[in-house]
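Here's the structure, in structure tokens; my notes come after.
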Amino acid sequence: MYKSRTFLFTTSLLLLAMGLFFFAKKKEATNDLFVSFIMNPKTQDLKFYWKEDQQKAFGSIDNLKNWLAKNNQKLVFAMNGGMYKKDHSPVGLFIENQKILTPLDTANGEGNFYLKPNGVFYLTTDNEPFICETSKFSTNNNTKYATQSGPMLVIDGKIHSAFKIGSTSLNIRNGVGILPDNKVVFAMSKKEINFYDFANYFKNMGCKNALYLDGLVSRTYLPEQNWQQTDGDFGVIIGVK
């Protein structure tokens, strides 16, 4: 009986150790694929940026970082925040400080932005984060910041139906999702990835809704993880300071 109990105890420890090993390996593999940042907009200063004091688009993360530094503010995270036109103006809706600077785009068209359903990532005046389909977004005075992009990655807990497992359409991609505790997760792939696998990352994180921000041009600034891409030529930039 004693030997039997010893055997069961040893086996349990071995299984536990194996489980911890494979969990660590899975986490390590995930870290190799994505750079991600989880933040709480209730306690951290999340803002959407487009133009500086002289009404010129920031363009790069470096320009935003330097502009904040001149105002004695430190940038801790930044990511390009949606698609943009040649003049750096946002494609679709952009709201800054409760002002609609570019209108909601409900038209049909070509390209990722118009792969319906597309959506809106927004922050209320109470610093509550939301992501919803464009057709469900309602502009009101309680919206402090908003950026429209597309396609949606995760919709009510399900991956966008247009995405296919094993798709060979690969690119560097970045996006945003809302976690079950109402925190926000931003992620960018470190390597080229298809839409399905990218969306699946947000789904596995527990996001009920997630939105694609852009691809190919994607950049992330996150010095706490030794990831500092400060170049770019963007429209909207999402930052935490």
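Labels used: A, B, ... for chains in the order of the structure tokens, numbers from 1 for residues in each chain, and numbers from 1 for ligands as shown.
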
TODO: Mind checking which residues fall within 12 Å of Asp231 in chain A, counting only C-alpha atoms, ignoring those fewer than 5 positions away in the same chain, and posting them as a PyMOL selection string?
DONE: chain A and resi 58-65+78-80+217-221+237

Open item on the list: Please list as a list in words every residue within 6 Å of range 180-190 of chain A, counting only C-alpha atoms and excluding residues in the same chain fewer than 4 positions away.
Closed with: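 Using only C-alpha atoms, the neighbours found are Leu33, Phe34, Val35, Ser36, Phe37, Ile38, Met39, Asn40, Ile172, Arg173, Asn174, Gly175 and Val176 of chain A.
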
Open item on the list: For a test of reading the model, state the distance in Å between CA of Lys42 in chain A and CA of Val91 in chain A, rounded to one decimal.
Closed with: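 Here the two named atoms are 27.5 Å from each other.
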
TODO: Run DSSP on the backbone and grab whatever in range 100-211 of chain A lands in strand (DSSP E or B); send it over as a VMD selection string.
DONE: chain A and resid 100 to 102 119 to 124 129 to 133 143 to 149 152 to 155 158 to 159 171 173 to 178 184 to 189 193 209 to 211

Just write the chosen residues, C-alpha atoms, as a PDB file, in the first residue's frame.
ATOM      1  CA  ILE A 100     -15.994  63.889 -35.001  1.00  0.00           C
ATOM      2  CA  LEU A 101     -13.055  64.748 -37.255  1.00  0.00           C
ATOM      3  CA  THR A 102     -13.871  62.240 -40.015  1.00  0.00           C
ATOM      4  CA  GLY A 119     -15.968  47.847 -36.868  1.00  0.00           C
ATOM      5  CA  VAL A 120     -15.187  50.654 -34.463  1.00  0.00           C
ATOM      6  CA  PHE A 121     -12.900  50.690 -31.434  1.00  0.00           C
ATOM      7  CA  TYR A 122     -13.930  53.466 -29.063  1.00  0.00           C
ATOM      8  CA  LEU A 123     -13.519  54.840 -25.577  1.00  0.00           C
ATOM      9  CA  THR A 124     -16.256  56.616 -23.635  1.00  0.00           C
ATOM     10  CA  PRO A 129     -13.550  50.545 -23.942  1.00  0.00           C
ATOM     11  CA  PHE A 130     -15.759  49.017 -26.639  1.00  0.00           C
ATOM     12  CA  ILE A 131     -15.463  47.316 -30.004  1.00  0.00           C
ATOM     13  CA  CYS A 132     -18.548  46.858 -32.131  1.00  0.00           C
ATOM     14  CA  GLU A 133     -19.576  46.299 -35.726  1.00  0.00           C
ATOM     15  CA  THR A 143     -17.687  58.905 -27.099  1.00  0.00           C
ATOM     16  CA  LYS A 144     -14.297  60.423 -26.273  1.00  0.00           C
ATOM     17  CA  TYR A 145     -12.157  58.606 -28.858  1.00  0.00           C
ATOM     18  CA  ALA A 146     -13.026  56.341 -31.782  1.00  0.00           C
ATOM     19  CA  THR A 147     -11.282  54.799 -34.757  1.00  0.00           C
ATOM     20  CA  GLN A 148     -12.932  52.751 -37.483  1.00  0.00           C
ATOM     21  CA  SER A 149     -11.188  49.898 -39.264  1.00  0.00           C
ATOM     22  CA  MET A 152     -13.623  42.645 -37.353  1.00  0.00           C
ATOM     23  CA  LEU A 153     -11.446  39.768 -36.145  1.00  0.00           C
ATOM     24  CA  VAL A 154     -13.706  38.313 -33.466  1.00  0.00           C
ATOM     25  CA  ILE A 155     -17.450  38.936 -33.335  1.00  0.00           C
ATOM     26  CA  LYS A 158     -16.569  33.869 -33.009  1.00  0.00           C
ATOM     27  CA  ILE A 159     -13.862  34.312 -35.616  1.00  0.00           C
ATOM     28  CA  ASN A 171       1.286  39.635 -43.508  1.00  0.00           C
ATOM     29  CA  ARG A 173      -0.772  42.474 -38.704  1.00  0.00           C
ATOM     30  CA  ASN A 174      -1.894  44.484 -35.683  1.00  0.00           C
ATOM     31  CA  GLY A 175      -5.196  44.704 -33.875  1.00  0.00           C
ATOM     32  CA  VAL A 176      -7.067  45.323 -30.646  1.00  0.00           C
ATOM     33  CA  GLY A 177      -9.454  43.321 -28.482  1.00  0.00           C
ATOM     34  CA  ILE A 178     -11.529  43.715 -25.313  1.00  0.00           C
ATOM     35  CA  VAL A 184      -7.777  46.210 -23.629  1.00  0.00           C
ATOM     36  CA  VAL A 185      -5.232  44.016 -25.381  1.00  0.00           C
ATOM     37  CA  PHE A 186      -3.223  45.353 -28.308  1.00  0.00           C
ATOM     38  CA  ALA A 187      -1.239  42.847 -30.359  1.00  0.00           C
ATOM     39  CA  MET A 188       1.010  42.774 -33.388  1.00  0.00           C
ATOM     40  CA  SER A 189       2.413  39.694 -35.045  1.00  0.00           C
ATOM     41  CA  ILE A 193       0.459  35.579 -40.265  1.00  0.00           C
ATOM     42  CA  ASN A 209     -14.820  41.280 -29.885  1.00  0.00           C
ATOM     43  CA  ALA A 210     -11.576  42.228 -31.612  1.00  0.00           C
ATOM     44  CA  LEU A 211     -10.752  44.538 -34.507  1.00  0.00           C
TER      45      LEU A 211
END

Task: Counting only C-alpha atoms, the residue of A:Val76, A:Ala57, A:Leu115, A:Ile238 that sits nearest Phe195 in chain A - done: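 Nearest to Phe195 in chain A: A:Leu115.
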
Open item on the list: My list of candidates is A:Val236, A:Gly111, A:Thr106, A:Lys136. Which is closest to Lys51 in chain A when distances are computed with only C-alpha atoms?
Closed with: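 Going through A:Val236, A:Gly111, A:Thr106, A:Lys136 one by one, the smallest distance to Lys51 in chain A is for A:Val236.
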
Task: Point-to-point distance from CA of Asn200 in chain A to CA of Lys116 in chain A, Å rounded to tenths - done: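 Separating CA of Asn200 in chain A from CA of Lys116 in chain A is a distance of 17.9 Å.
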
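Between CA of Gly92 in chain A and CA of Leu216 in chain A the interatomic distance comes to 19.3 Å.
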
Task: Backbone DSSP call of alpha helix (DSSP H) for range 52-200 of chain A, listed as a ChimeraX atom specification - done: /A:61-70,195-200
